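Visitor: I am sharing coords_14.txt, which consists of compact mmCIF, C-alpha atoms:
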```txt
# COMPACT_ATOMS: atom_id res chain seq x y z
CA MET V 1 80.40 -68.36 50.89
CA GLN V 2 77.56 -68.60 53.39
CA ASP V 3 79.60 -66.71 55.98
CA GLU V 4 80.22 -63.90 53.48
CA SER V 5 76.48 -63.66 52.74
CA LYS V 6 75.67 -63.44 56.44
CA GLU V 7 78.18 -60.68 56.94
CA TYR V 8 76.74 -58.74 53.95
CA PHE V 9 73.21 -58.86 55.34
CA LYS V 10 74.48 -57.61 58.68
CA GLY V 11 76.54 -54.83 57.13
CA SER V 12 75.74 -51.12 57.15
CA LYS V 13 75.35 -51.00 53.35
CA TYR V 14 72.52 -53.54 53.35
CA VAL V 15 70.84 -51.84 56.33
CA SER V 16 70.96 -48.52 54.46
CA LEU V 17 69.28 -50.11 51.45
CA LEU V 18 66.50 -51.45 53.68
CA GLU V 19 65.96 -48.00 55.17
CA ILE V 20 65.69 -46.48 51.69
CA ASP V 21 63.12 -49.13 50.68
CA ARG V 22 61.17 -48.50 53.88
CA ASP V 23 61.08 -44.78 53.21
CA LEU V 24 59.83 -45.36 49.67
CA VAL V 25 57.08 -47.66 50.94
CA ASN V 26 55.99 -45.14 53.57
CA LYS V 27 55.90 -42.35 51.01
CA GLU V 28 53.73 -44.49 48.73
CA LYS V 29 51.36 -45.27 51.61
CA ARG V 30 51.00 -41.58 52.44
CA ARG V 31 50.37 -40.78 48.78
CA THR V 32 47.65 -43.40 48.37
CA LYS V 33 45.98 -42.31 51.61
CA GLY V 34 45.70 -38.74 50.37
CA PRO V 35 42.68 -37.07 48.75
CA GLU V 36 40.82 -39.20 46.27
CA SER V 37 41.53 -38.72 42.59
CA GLU V 38 39.47 -35.96 41.02
CA TRP V 39 37.52 -38.33 38.84
CA ARG V 40 36.51 -40.70 41.64
CA LEU V 41 33.21 -40.01 43.38
CA LYS V 42 33.30 -40.34 47.16
CA ASP V 43 29.74 -41.62 47.32
CA ARG V 44 29.34 -45.14 45.97
CA THR V 45 26.93 -45.17 43.05
CA HIS V 46 25.65 -47.82 40.70
CA THR V 47 25.00 -47.61 36.99
CA VAL V 48 21.38 -48.69 36.87
CA ALA V 49 20.35 -47.82 33.30
CA GLY V 50 21.78 -46.76 29.98
CA SER V 51 20.90 -45.49 26.51
CA LEU V 52 22.83 -47.12 23.69
CA VAL V 53 22.49 -44.72 20.76
CA LEU V 54 23.72 -46.01 17.40
CA CYS V 55 23.69 -43.57 14.48
CA LEU V 56 25.14 -45.76 11.74
CA ASN V 57 22.84 -45.27 8.73
CA ILE V 58 24.50 -48.30 7.15
CA GLY V 59 25.02 -48.01 3.43
CA VAL V 60 25.05 -44.19 3.36
CA ASP V 61 28.32 -42.32 3.97
CA PRO V 62 28.19 -38.97 5.82
CA PRO V 63 28.77 -35.96 3.54
CA ASP V 64 31.92 -34.80 5.37
CA THR V 65 33.63 -38.19 5.27
CA THR V 66 35.82 -39.73 2.59
CA LYS V 67 36.43 -43.33 3.60
CA PRO V 68 39.87 -44.64 2.64
CA HIS V 69 40.58 -48.10 1.29
CA PRO V 70 41.52 -50.23 3.09
CA ARG V 71 39.94 -49.06 6.33
CA ALA V 72 38.54 -50.34 9.60
CA ARG V 73 35.11 -51.77 8.85
CA LEU V 74 34.02 -53.70 11.93
CA GLU V 75 31.31 -52.52 14.32
CA CYS V 76 31.23 -54.72 17.44
CA TRP V 77 33.35 -57.21 15.47
CA LEU V 78 30.83 -57.36 12.64
CA ASP V 79 31.33 -56.21 9.05
CA PRO V 80 28.04 -54.41 8.20
CA ASP V 81 28.50 -55.15 4.49
CA THR V 82 28.05 -58.90 5.06
CA MET V 83 24.26 -58.57 5.52
CA SER V 84 21.38 -56.22 4.81
CA PRO V 85 21.62 -52.76 6.46
CA THR V 86 18.56 -53.36 8.66
CA LYS V 87 19.80 -56.71 9.91
CA ALA V 88 23.32 -55.39 10.40
CA LEU V 89 22.08 -52.46 12.50
CA LYS V 90 20.03 -54.72 14.76
CA THR V 91 22.87 -57.22 15.11
CA ILE V 92 25.41 -54.54 16.00
CA GLY V 93 23.03 -53.06 18.55
CA SER V 94 22.42 -56.46 20.09
CA ARG V 95 26.14 -57.19 20.30
CA LEU V 96 26.85 -53.84 21.94
CA GLN V 97 24.17 -54.47 24.53
CA MET V 98 25.57 -57.95 25.21
CA GLN V 99 29.02 -56.46 25.77
CA TYR V 100 27.64 -54.02 28.32
CA GLU V 101 25.63 -56.77 30.00
CA ARG V 102 28.84 -58.71 30.56
CA TRP V 103 30.15 -55.66 32.40
CA ASN V 104 26.94 -55.02 34.37
CA GLU V 105 24.12 -57.49 33.88
CA ARG V 106 21.84 -55.75 36.38
CA CYS V 107 21.80 -52.51 34.41
CA ARG V 108 18.77 -51.84 32.18
CA TYR V 109 19.75 -50.87 28.64
CA LYS V 110 17.66 -49.08 26.03
CA LEU V 111 18.74 -49.56 22.42
CA LEU V 112 18.17 -46.59 20.10
CA LEU V 113 18.95 -47.57 16.51
CA ASP V 114 19.30 -44.55 14.16
CA PRO V 115 17.05 -42.50 16.48
CA THR V 116 15.42 -39.11 16.04
CA SER V 117 15.95 -36.21 18.43
CA ASP V 118 12.61 -36.89 20.07
CA ASP V 119 13.46 -40.57 20.58
CA THR V 120 16.75 -39.63 22.24
CA ARG V 121 15.17 -37.00 24.48
CA LYS V 122 12.40 -39.30 25.68
CA SER V 123 14.80 -42.16 26.39
CA CYS V 124 17.29 -40.06 28.38
CA MET V 125 14.63 -38.30 30.42
CA ALA V 126 12.80 -41.56 31.16
CA LEU V 127 16.02 -43.21 32.33
CA ARG V 128 16.84 -40.28 34.58
CA ARG V 129 13.38 -40.26 36.16
CA ALA V 130 13.57 -43.99 36.83
CA ALA V 131 17.15 -43.88 38.12
CA GLY V 132 16.72 -40.95 40.49
CA ASP V 133 20.16 -40.03 41.84
CA GLU V 134 21.80 -43.24 40.68
CA ARG V 135 24.22 -43.21 37.75
CA ILE V 136 23.08 -43.69 34.15
CA LEU V 137 24.98 -44.28 30.92
CA PHE V 138 24.85 -42.57 27.53
CA HIS V 139 26.71 -44.41 24.76
CA TYR V 140 26.81 -42.68 21.38
CA ASN V 141 28.12 -44.27 18.19
CA GLY V 142 28.27 -41.64 15.45
CA HIS V 143 30.07 -43.53 12.69
CA GLY V 144 27.21 -42.98 10.26
CA VAL V 145 26.68 -39.23 10.72
CA PRO V 146 28.81 -36.07 10.26
CA ARG V 147 31.45 -35.16 12.78
CA PRO V 148 30.57 -33.14 15.90
CA THR V 149 30.52 -29.39 15.40
CA PRO V 150 32.80 -26.92 17.22
CA ASN V 151 29.61 -25.49 18.77
CA GLY V 152 29.04 -28.70 20.70
CA GLU V 153 26.56 -30.59 18.57
CA ILE V 154 26.33 -34.25 17.64
CA TRP V 155 24.15 -35.57 14.84
CA ILE V 156 21.10 -37.78 14.69
CA PHE V 157 18.22 -38.14 12.19
CA ASN V 158 14.87 -36.64 11.33
CA GLN V 159 11.73 -38.74 11.25
CA GLY V 160 12.04 -39.66 7.59
CA TYR V 161 15.83 -40.20 7.62
CA THR V 162 16.24 -37.54 4.95
CA GLN V 163 18.24 -35.07 7.05
CA TYR V 164 20.90 -35.02 9.74
CA ILE V 165 19.61 -33.17 12.81
CA PRO V 166 22.05 -31.50 15.26
CA LEU V 167 21.69 -32.34 18.94
CA SER V 168 23.28 -29.89 21.36
CA ILE V 169 25.40 -31.33 24.15
CA TYR V 170 23.83 -28.64 26.33
CA ASP V 171 20.41 -30.23 25.80
CA LEU V 172 21.85 -33.69 26.38
CA GLN V 173 23.23 -32.55 29.73
CA SER V 174 19.77 -31.35 30.72
CA TRP V 175 18.10 -34.61 29.72
CA MET V 176 20.67 -36.73 31.58
CA GLY V 177 20.55 -34.55 34.68
CA VAL V 178 23.30 -32.01 35.24
CA SER V 179 23.68 -32.61 38.97
CA GLN V 180 23.22 -36.39 38.89
CA PRO V 181 26.05 -38.83 38.10
CA SER V 182 26.35 -39.99 34.51
CA ILE V 183 28.79 -41.82 32.26
CA TYR V 184 29.22 -40.63 28.67
CA VAL V 185 30.82 -42.66 25.91
CA PHE V 186 31.30 -40.89 22.57
CA ASP V 187 32.44 -43.30 19.88
CA CYS V 188 32.83 -41.09 16.83
CA SER V 189 35.30 -38.99 14.88
CA ALA V 190 36.60 -35.79 16.51
CA ALA V 191 35.16 -36.77 19.89
CA GLY V 192 37.52 -34.27 21.52
CA LEU V 193 35.23 -31.48 20.30
CA ILE V 194 32.44 -33.00 22.37
CA VAL V 195 34.58 -33.09 25.50
CA ASP V 196 35.57 -29.44 25.08
CA ALA V 197 31.97 -28.37 24.49
CA PHE V 198 30.72 -30.48 27.40
CA ASN V 199 33.09 -28.87 29.87
CA HIS V 200 32.40 -25.41 28.42
CA PHE V 201 28.65 -25.82 28.89
CA LEU V 202 29.17 -27.21 32.38
CA THR V 203 31.27 -24.18 33.32
CA GLN V 204 28.52 -21.91 32.03
CA ARG V 205 25.97 -23.73 34.17
CA LYS V 206 28.14 -23.48 37.28
CA GLU V 207 28.69 -19.75 36.77
CA LYS V 208 24.98 -19.20 36.27
CA ALA V 209 24.19 -21.24 39.38
CA THR V 210 26.67 -19.17 41.38
CA GLU V 211 25.06 -15.94 40.15
CA ASN V 212 21.67 -17.28 41.19
CA ASN V 213 22.98 -18.30 44.64
CA GLN V 214 22.70 -22.03 44.04
CA PRO V 215 25.76 -23.40 45.85
CA ASN V 216 24.56 -27.00 45.60
CA PHE V 217 24.84 -27.18 41.83
CA HIS V 218 26.53 -30.57 42.15
CA ARG V 219 24.41 -31.58 45.09
CA ARG V 220 25.42 -35.24 45.20
CA SER V 221 29.12 -34.62 45.68
CA PRO V 222 30.02 -30.91 45.61
CA SER V 223 33.68 -31.48 46.44
CA THR V 224 34.35 -33.70 43.46
CA SER V 225 34.83 -32.86 39.82
CA PRO V 226 31.94 -32.46 37.37
CA PRO V 227 30.27 -35.53 35.85
CA MET V 228 32.21 -35.32 32.59
CA TYR V 229 35.38 -36.28 34.38
CA SER V 230 33.79 -39.63 35.18
CA ALA V 231 33.28 -40.31 31.47
CA LEU V 232 35.11 -42.89 29.42
```
Using the file provided, produce a representation of the structure as structure tokens.

Guide:
Amino acid sequence: MQDESKEYFKGSKYVSLLEIDRDLVNKEKRRTKGPESEWRLKDRTHTVAGSLVLCLNIGVDPPDTTKPHPRARLECWLDPDTMSPTKALKTIGSRLQMQYERWNERCRYKLLLDPTSDDTRKSCMALRRAAGDERILFHYNGHGVPRPTPNGEIWIFNQGYTQYIPLSIYDLQSWMGVSQPSIYVFDCSAAGLIVDAFNHFLTQRKEKATENNQPNFHRRSPSTSPPMYSAL
């Protein structure tokens, strides 16, 4: 039996199989050594700060939503109905921040609980000024507000929490820095509308920059894809 095995491993059939495996390995090496994936930035960046925006308005259902029964109820593994709305909002925000800190404990996080447009603008612009050209995070939970609009708007609140106020993704891009690296997380219904609007607005900006002879629109890494493609 051993002699037969030795003869097999010396035979032309086995040698041919080895050559096929070698060719496959070489092809894989050439593929992985090729151009970087579109979503991967060539320059190494660090996420140094983030805005965690929670628009939950616990206890009040958005006007365009009919919640089925039974349904998913947990926010950060917490059922908001098990405690007062104020306490639930703070607890959910704290848990979300703790989850991000496990991922990156050096990052500075700013919690915005049911914020107004002005609160959101100030937070994003302050983070961008402090971060410079480093990467920042924008996490949006919109489970307590209407769905995003086809025009590229998400919803937040007015000062007295009596109205839902639209926030344009175009404005959000400006606050976060169009040419600086950013990560966007949109945790809400119909989030695909946001992605479409984001890329549409970004294309508009690039075309306008080209018309104005601004070739370094994405000055940090012009050869890579726009920041939205780095989003989760």

Visitor: For Tyr161 of chain V, which residue out of V:Asp114, V:Asp81, V:Glu105, V:Asp64 is the nearest one, using all atoms listed in the file?

Guide: V:Asp114

Visitor: So, with only C-alpha atoms as the atoms that count, which of V:Thr149, V:Thr47, V:His139, V:Ile165 lies closest to Trp103 of chain V?

Guide: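 Of the candidates, the smallest distance to Trp103 of chain V is held by V:Thr47.
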
Visitor: What is the distance, in Å and to one decimal place, between atom CA of Ile183 of chain V and atom CA of Lys87 of chain V?

Guide: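 Spanning atom CA of Ile183 of chain V to atom CA of Lys87 of chain V is a straight-line distance of 28.3 Å.
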
Visitor: Leaving out segment 167-173 of chain V and any residue of its chain fewer than 5 positions from it, which residues lie within 8 Å of it when counting only C-alpha atoms, given as a list in words?

Guide: Ser117, Arg121, Gly152, Glu153, Ile154, Trp155, Ile156, Val178, Ile194, Ala197, Phe198 and Phe201 of chain V

Visitor: Deliver the residues from the most recent selection as a file, using C-alpha atoms, as a PDB file, keeping the file's coordinate frame.

Guide:
```pdb
ATOM      1  CA  SER V 117      15.950 -36.210  18.430  1.00  0.00           C
ATOM      2  CA  ARG V 121      15.170 -37.000  24.480  1.00  0.00           C
ATOM      3  CA  GLY V 152      29.040 -28.700  20.700  1.00  0.00           C
ATOM      4  CA  GLU V 153      26.560 -30.590  18.570  1.00  0.00           C
ATOM      5  CA  ILE V 154      26.330 -34.250  17.640  1.00  0.00           C
ATOM      6  CA  TRP V 155      24.150 -35.570  14.840  1.00  0.00           C
ATOM      7  CA  ILE V 156      21.100 -37.780  14.690  1.00  0.00           C
ATOM      8  CA  VAL V 178      23.300 -32.010  35.240  1.00  0.00           C
ATOM      9  CA  ILE V 194      32.440 -33.000  22.370  1.00  0.00           C
ATOM     10  CA  ALA V 197      31.970 -28.370  24.490  1.00  0.00           C
ATOM     11  CA  PHE V 198      30.720 -30.480  27.400  1.00  0.00           C
ATOM     12  CA  PHE V 201      28.650 -25.820  28.890  1.00  0.00           C
TER      13      PHE V 201
END
```

Visitor: Rounded to one decimal place, report the atom CA of Thr120 of chain V-atom CA of Lys208 of chain V distance in Å.

Guide: 26.1 Å

Visitor: Grab the atom CA of Leu112 of chain V to atom CA of Ser174 of chain V distance for me, in Å with one decimal place.

Guide: 18.6 Å

Visitor: May I ask which of the residues V:His143, V:Arg128, V:Lys67, V:Arg205 is the closest one to Ser51 of chain V, counting only C-alpha atoms?

Guide: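 Of the candidates, the smallest distance to Ser51 of chain V is held by V:Arg128.
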
Visitor: Go through V:Thr91, V:Ser123, V:Thr65, V:Asn57 and flag the residue nearest Phe157 of chain V, using all atoms listed in the file for the distances.

Guide: V:Asn57

Visitor: Ile92 of chain V: which residues within 8 Å, counting all atoms listed in the file, same-chain residues fewer than 2 positions away excluded, as an mmCIF file with C-alpha atoms, keeping the file's coordinate frame?

Guide:
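So part_12.cif came out as:
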```cif
data_model
loop_
_atom_site.group_PDB
_atom_site.id
_atom_site.type_symbol
_atom_site.label_atom_id
_atom_site.label_comp_id
_atom_site.auth_asym_id
_atom_site.auth_seq_id
_atom_site.Cartn_x
_atom_site.Cartn_y
_atom_site.Cartn_z
ATOM 1 C CA GLU V 75 31.310 -52.520 14.320
ATOM 2 C CA CYS V 76 31.230 -54.720 17.440
ATOM 3 C CA LEU V 78 30.830 -57.360 12.640
ATOM 4 C CA ALA V 88 23.320 -55.390 10.400
ATOM 5 C CA LEU V 89 22.080 -52.460 12.500
ATOM 6 C CA LYS V 90 20.030 -54.720 14.760
ATOM 7 C CA SER V 94 22.420 -56.460 20.090
ATOM 8 C CA ARG V 95 26.140 -57.190 20.300
ATOM 9 C CA LEU V 96 26.850 -53.840 21.940
#
```
